[in-house]
$ cat final.txt   # compact mmCIF, C-alpha atoms
# COMPACT_ATOMS: atom_id res chain seq x y z
CA PHE Q 1 -2.73 10.27 5.67
CA LEU Q 2 -0.81 12.50 8.04
CA ILE Q 3 2.35 12.34 5.94
CA SER Q 4 0.64 12.98 2.61
CA TYR Q 5 -1.22 16.16 3.47
CA LEU Q 6 1.86 17.70 5.06
CA ILE Q 7 3.79 17.06 1.85
CA ILE Q 8 1.13 18.91 -0.16
CA HIS Q 9 2.15 22.14 1.57
CA VAL Q 10 5.73 21.57 0.47
CA ALA Q 11 4.58 20.83 -3.07
CA PHE Q 12 2.63 24.06 -3.41
CA ILE Q 13 5.64 26.10 -2.34
CA ALA Q 14 7.83 24.33 -4.85
CA ILE Q 15 5.37 24.64 -7.75
CA ILE Q 16 4.99 28.42 -7.90
CA ASN Q 17 7.27 30.15 -10.42
CA ILE Q 18 9.81 27.35 -10.77
CA PRO Q 19 12.12 28.05 -13.73
CA THR Q 20 11.55 25.43 -16.43
CA THR Q 21 15.14 24.95 -17.59
CA SER Q 22 16.55 21.58 -18.54
CA ALA Q 23 19.31 21.62 -15.91
CA PHE Q 24 18.68 21.76 -12.18
CA ALA Q 25 20.97 22.15 -9.19
CA PHE Q 26 18.90 21.81 -6.06
CA ASN Q 27 19.99 23.15 -2.70
CA LEU Q 28 17.85 21.79 0.13
CA ASP Q 29 18.87 24.59 2.47
CA THR Q 30 15.50 25.45 3.99
CA LYS Q 31 14.64 23.26 6.96
CA VAL Q 32 11.32 22.86 8.76
CA ARG Q 33 11.16 21.04 12.09
CA VAL Q 34 7.82 20.48 13.82
CA GLU Q 35 6.74 18.51 16.87
CA ALA Q 36 3.10 18.12 17.83
CA GLY Q 37 1.03 15.96 20.12
CA MET Q 38 -2.65 15.30 20.69
CA SER Q 39 -4.94 12.80 22.38
CA THR Q 40 -8.57 11.74 22.05
CA PRO Q 41 -10.78 10.23 24.77
CA ILE Q 42 -12.03 6.67 24.32
CA THR Q 43 -15.08 5.11 25.91
CA VAL Q 44 -14.29 1.50 26.83
CA PRO Q 45 -17.39 -0.73 27.09
CA PRO Q 46 -18.25 -2.31 30.48
CA ASN Q 47 -16.54 -5.66 31.14
CA ALA Q 48 -14.25 -4.98 28.17
CA VAL Q 49 -11.42 -7.16 29.47
CA LYS Q 50 -13.75 -10.11 30.13
CA LYS Q 51 -15.20 -9.76 26.64
CA GLY Q 52 -11.76 -9.34 25.09
CA VAL Q 53 -12.55 -5.96 23.55
CA ASN Q 54 -10.51 -3.58 25.69
CA LEU Q 55 -8.52 -0.74 24.13
CA GLU Q 56 -5.11 -2.27 24.76
CA LYS Q 57 -6.04 -5.44 22.88
CA TYR Q 58 -7.28 -3.34 19.95
CA MET Q 59 -4.09 -1.27 19.77
CA LEU Q 60 -1.98 -4.44 19.82
CA LEU Q 61 -3.81 -6.09 16.91
CA PRO Q 62 -1.53 -7.10 14.00
CA VAL Q 63 -0.33 -4.05 12.06
CA GLU Q 64 -1.75 -5.49 8.82
CA GLN Q 65 -5.19 -4.50 10.08
CA TYR Q 66 -4.34 -0.80 9.82
CA ALA Q 67 -5.48 -1.09 6.22
CA LEU Q 68 -9.02 -1.32 7.65
CA VAL Q 69 -8.83 1.93 9.63
CA PRO Q 70 -10.97 4.61 7.92
CA MET Q 71 -8.94 7.47 6.42
CA PRO Q 72 -10.37 11.00 6.30
CA LEU Q 73 -11.09 12.84 3.04
CA ASP Q 74 -11.43 9.66 0.97
CA ALA Q 75 -7.75 8.72 1.19
CA THR Q 76 -7.01 5.01 0.64
CA LEU Q 77 -4.63 2.89 2.69
CA SER Q 78 -3.45 -0.53 1.53
CA ARG Q 79 -0.65 -3.00 2.06
CA LEU Q 80 2.37 -2.17 -0.10
CA GLU Q 81 2.67 -4.60 -2.99
CA ASN Q 82 5.79 -6.78 -2.63
CA GLY Q 83 6.41 -5.21 0.78
CA SER Q 84 6.42 -6.77 4.23
CA LYS Q 85 3.35 -7.04 6.45
CA SER Q 86 4.30 -3.74 8.09
CA ASP Q 87 4.66 -1.74 4.85
CA PHE Q 88 1.76 0.39 3.64
CA GLU Q 89 0.93 2.66 0.73
CA LEU Q 90 -1.35 5.61 1.22
CA VAL Q 91 -2.85 7.42 -1.76
CA VAL Q 92 -4.32 10.86 -1.19
CA PRO Q 93 -7.03 12.11 -3.59
CA PRO Q 94 -5.67 14.61 -6.15
CA VAL Q 95 -5.54 18.21 -5.00
CA GLU Q 96 -5.93 20.96 -7.59
CA PHE Q 97 -3.96 24.18 -7.21
CA LEU Q 98 -4.62 26.79 -9.89
CA SER Q 99 -4.27 24.73 -13.11
CA LEU Q 100 -2.12 22.02 -11.52
CA LYS Q 101 -3.11 18.69 -10.02
CA VAL Q 102 -0.99 17.06 -7.31
CA GLN Q 103 -1.49 13.56 -5.88
CA PRO Q 104 0.86 12.34 -3.12
CA VAL Q 105 1.59 8.62 -2.75
CA VAL Q 106 3.31 7.76 0.54
CA GLU Q 107 5.10 4.60 1.62
CA ALA Q 108 5.21 4.07 5.37
CA GLU Q 109 6.17 1.41 7.87
CA VAL Q 110 3.94 0.60 10.84
CA ARG Q 111 5.80 -1.12 13.66
CA LEU Q 112 4.12 -2.64 16.71
CA GLU Q 113 5.91 -2.49 20.08
CA SER Q 114 4.76 -3.69 23.47
CA ASP Q 115 3.42 -0.31 24.56
CA ARG Q 116 3.15 1.75 21.38
CA VAL Q 117 2.65 1.80 17.62
CA VAL Q 118 5.39 3.55 15.62
CA ILE Q 119 4.74 4.93 12.13
CA THR Q 120 7.68 6.14 10.04
CA SER Q 121 8.18 7.31 6.49
CA GLN Q 122 10.87 8.88 4.34
CA LYS Q 123 9.30 8.38 0.93
CA CYS Q 124 6.60 10.40 -0.79
CA THR Q 125 6.12 10.58 -4.56
CA LEU Q 126 4.09 13.35 -6.14
CA SER Q 127 2.21 12.65 -9.37
CA GLY Q 128 -0.46 14.43 -11.37
CA SER Q 129 0.18 17.20 -13.88
CA PRO Q 130 3.09 16.76 -16.36
CA PHE Q 131 4.55 19.94 -14.87
CA ILE Q 132 5.60 17.97 -11.78
CA GLU Q 133 8.02 15.83 -13.79
CA LYS Q 134 9.08 18.76 -15.97
CA VAL Q 135 10.42 20.72 -13.00
CA LYS Q 136 11.61 17.59 -11.14
CA LEU Q 137 9.41 18.45 -8.18
CA ASN Q 138 10.08 15.13 -6.42
CA GLU Q 139 13.76 16.07 -6.22
CA ARG Q 140 13.07 19.39 -4.54
CA PHE Q 141 12.31 18.09 -1.05
CA ASP Q 142 13.41 15.48 1.46
CA PHE Q 143 11.37 14.61 4.48
CA LYS Q 144 11.21 12.31 7.46
CA ILE Q 145 8.31 11.77 9.81
CA ASP Q 146 7.98 9.72 12.97
CA CYS Q 147 4.66 9.24 14.72
CA GLU Q 148 4.10 7.34 17.96
CA LEU Q 149 0.68 6.16 19.08
CA THR Q 150 0.31 5.37 22.77
CA TRP Q 151 -2.72 4.71 24.92
CA VAL Q 152 -4.12 4.46 28.42
CA ASP Q 153 -6.71 1.73 28.95
CA SER Q 154 -8.53 2.25 32.24
CA SER Q 155 -10.01 -1.25 32.01
CA VAL Q 156 -6.59 -2.85 32.55
CA SER Q 157 -4.90 -0.17 34.65
CA SER Q 158 -6.03 2.11 37.45
CA PRO Q 159 -6.74 5.56 36.04
CA THR Q 160 -5.98 8.71 37.95
CA ILE Q 161 -9.15 9.95 39.63
CA THR Q 162 -9.61 13.67 39.17
CA THR Q 163 -11.47 16.05 41.44
CA GLU Q 164 -14.40 15.83 39.03
CA GLN Q 165 -14.62 12.03 39.38
CA GLU Q 166 -15.48 10.09 42.48
CA GLU Q 167 -14.50 6.56 43.39
CA GLY Q 168 -16.85 4.05 41.79
CA GLU Q 169 -17.88 6.38 38.97
CA ASP Q 170 -17.61 5.06 35.38
CA GLN Q 171 -13.98 5.52 34.37
CA GLY Q 172 -14.48 4.80 30.65
CA LEU Q 173 -13.57 8.31 29.56
CA SER Q 174 -10.23 8.04 31.38
CA SER Q 175 -9.05 5.89 28.50
CA PHE Q 176 -7.46 7.64 25.56
CA ILE Q 177 -5.24 7.30 22.50
CA ALA Q 178 -2.41 9.80 22.11
CA ALA Q 179 -0.25 10.66 19.11
CA LYS Q 180 3.10 12.41 19.09
CA THR Q 181 4.63 13.39 15.77
CA TYR Q 182 8.02 14.73 14.71
CA LEU Q 183 8.35 16.10 11.18
CA SER Q 184 11.52 17.16 9.36
CA VAL Q 185 11.40 18.67 5.86
CA GLU Q 186 14.23 20.10 3.76
CA VAL Q 187 13.20 22.13 0.71
CA ASP Q 188 14.87 23.75 -2.26
CA ARG Q 189 13.48 27.29 -2.41
CA PRO Q 190 12.48 28.19 -5.96
CA VAL Q 191 12.27 31.67 -7.44
CA PRO Q 192 11.03 34.05 -6.04
CA PHE Q 193 11.21 32.48 -2.54
CA ASN Q 194 15.02 32.25 -2.64
CA THR Q 195 15.17 36.03 -2.34
CA ILE Q 196 13.37 35.91 1.03
CA PRO Q 197 15.63 35.40 4.08
CA ARG Q 198 15.81 31.70 4.89
CA ARG Q 199 14.87 32.24 8.54
CA VAL Q 200 11.67 34.01 7.51
CA VAL Q 201 10.67 31.17 5.16
CA GLU Q 202 11.45 28.58 7.84
CA LYS Q 203 9.38 30.45 10.43
CA ILE Q 204 6.40 30.63 8.06
CA GLY Q 205 6.87 26.94 7.17
CA ASN Q 206 7.03 25.88 10.82
CA THR Q 207 3.84 27.78 11.61
CA ALA Q 208 1.95 26.38 8.61
CA MET Q 209 3.09 22.82 9.31
CA ARG Q 210 2.22 23.03 13.00
CA ILE Q 211 -1.33 24.16 12.20
CA SER Q 212 -1.70 21.45 9.57
CA ILE Q 213 -0.31 18.66 11.69
CA LYS Q 214 -2.68 19.43 14.56
CA TYR Q 215 -5.68 19.38 12.23
CA ILE Q 216 -4.58 16.12 10.61
CA LEU Q 217 -3.78 14.43 13.93
CA LYS Q 218 -7.25 15.31 15.18
CA SER Q 219 -8.87 13.74 12.10
CA PHE Q 220 -6.69 10.64 12.24
CA LEU Q 221 -7.33 10.00 15.94
CA LYS Q 222 -11.06 10.51 15.42
CA GLY Q 223 -11.05 7.81 12.74
CA LEU Q 224 -9.06 5.47 14.96
CA ALA Q 225 -11.45 6.01 17.88
CA GLN Q 226 -14.46 5.30 15.66
CA ASP Q 227 -12.84 2.12 14.38
CA TYR Q 228 -12.19 0.94 17.95
CA SER Q 229 -15.83 1.57 18.89
CA ARG Q 230 -17.00 -0.48 15.92
CA TRP Q 231 -14.53 -3.27 16.68
CA ALA Q 232 -15.53 -3.36 20.38
CA GLU Q 233 -19.28 -3.37 19.75
CA ASP Q 234 -19.63 -5.35 16.51
CA GLU Q 235 -18.78 -9.04 16.79
CA ASP Q 236 -19.24 -9.54 13.04
CA TYR Q 237 -16.65 -6.84 12.37
CA ARG Q 238 -14.17 -8.57 14.68
CA LYS Q 239 -14.79 -11.87 12.90
CA PHE Q 240 -14.32 -10.16 9.53
CA ARG Q 241 -10.92 -8.86 10.64
CA SER Q 242 -9.86 -12.28 11.93
CA ASN Q 243 -11.03 -14.08 8.79
CA LEU Q 244 -9.21 -11.55 6.63
CA MET Q 245 -5.98 -12.27 8.49
CA VAL Q 246 -6.44 -16.03 8.07
CA LYS Q 247 -6.98 -15.63 4.31
CA GLU Q 248 -3.86 -13.48 3.94
CA GLU Q 249 -1.75 -15.95 5.87
CA ALA Q 250 -3.08 -18.82 3.74
CA VAL Q 251 -2.24 -16.98 0.51
CA SER Q 252 1.21 -16.11 1.82
CA PHE Q 253 1.84 -19.72 2.85
CA ALA Q 254 0.71 -21.07 -0.52
CA THR Q 255 2.84 -18.65 -2.56
CA PRO Q 256 6.22 -20.29 -3.38
CA GLU Q 257 9.38 -18.26 -2.96
CA VAL Q 258 11.05 -17.13 -6.17
$ encode --input "final.txt" --output "structure tokens"
Amino acid sequence: FLISYLIIHVAFIAIINIPTTSAFAFNLDTKVRVEAGMSTPITVPPNAVKKGVNLEKYMLLPVEQYALVPMPLDATLSRLENGSKSDFELVVPPVEFLSLKVQPVVEAEVRLESDRVVITSQKCTLSGSPFIEKVKLNERFDFKIDCELTWVDSSVSSPTITTEQEEGEDQGLSSFIAAKTYLSVEVDRPVPFNTIPRRVVEKIGNTAMRISIKYILKSFLKGLAQDYSRWAEDEDYRKFRSNLMVKEEAVSFATPEV
């Protein structure tokens, strides 16, 4: 989700007034580099560790279950066909710009480490209006994005007590999920943007991306927090996740190698 909506900004820049000749020589000389971070508070239920529903356990669930995390704005997330268990495909609903329609499809890898979740991607394909293929829009940008999700779970570690909190007070809100993202985009500047000094375009791009990434991070973390709350409070939902994993493993085991 995060990757796709950032790419839309690049697409809109590349769409406007692109010459429609049959030969193209792209120069990805405009570079945008953005770093952003954000966190969201999490309320951990009482006796979460004893019940097995603490935040750390949720964040360390198998990465395949990320397909169940709700995506904002009706985006869909699914396991990548013929990919590994850590490969995902995210499809963003089409976005209309003037008379053009753009739909990003992103392939990303989600990797689980002992103290963090790492999401990376270097592949985004834009589809939609025939104009996208006509001007070879997918060849006009390269990008790379790395996102790290970390967390503090006060139910398994001693949180720092602030001046506003006293010893013995409920420390649930001391738990949180944090995201840190690094984005790199290289773009071929079409006419008339190639007449604008590159530093000016890069400054505008950095500002636009930074605003976008903060908005998207906030939405993504909100969805993740809501999913944790449902998982922690709804035993049927936890069973559904577990049963889904068992079914996938059974199908994988029964499928012969080619």
$ closest_residue --input "final.txt" --among "Q:Leu217, Q:Ala36, Q:Val92, Q:Val156" --to "Gly52 (chain Q)" --atoms "all atoms listed in the file"
Q:Val156
$ residues_around --input "final.txt" --residues "Glu89 (chain Q)" --least-positions-apart "2" --cutoff "8 Å" --atoms "all atoms listed in the file" --output "number ranges by chain"
Q: 77-80, 87, 91, 105-108
$ residues_around --input "final.txt" --residues "Ile119 (chain Q)" --least-positions-apart "2" --cutoff "8 Å" --atoms "all atoms listed in the file" --output "number ranges by chain"
Q: 108-111, 117, 121, 146-148
$ atom_distance --input "final.txt" --atom1 "CA of Lys57 (chain Q)" --atom2 "CA of Ser114 (chain Q)"
11.0 Å
$ residues_near_point --input "final.txt" --point "(-10.5, -4.8, 27.0)" --cutoff "12 Å" --atoms "all atoms listed in the file" --output "JSON, numbers by chain"
{"Q": [42, 43, 44, 45, 46, 47, 48, 49, 50, 51, 52, 53, 54, 55, 56, 57, 58, 59, 60, 152, 153, 154, 155, 156, 157, 172, 175, 228, 229, 231, 232, 233]}
$ atom_distance --input "final.txt" --atom1 "CA of Glu202 (chain Q)" --atom2 "CA of Glu133 (chain Q)"
25.3 Å
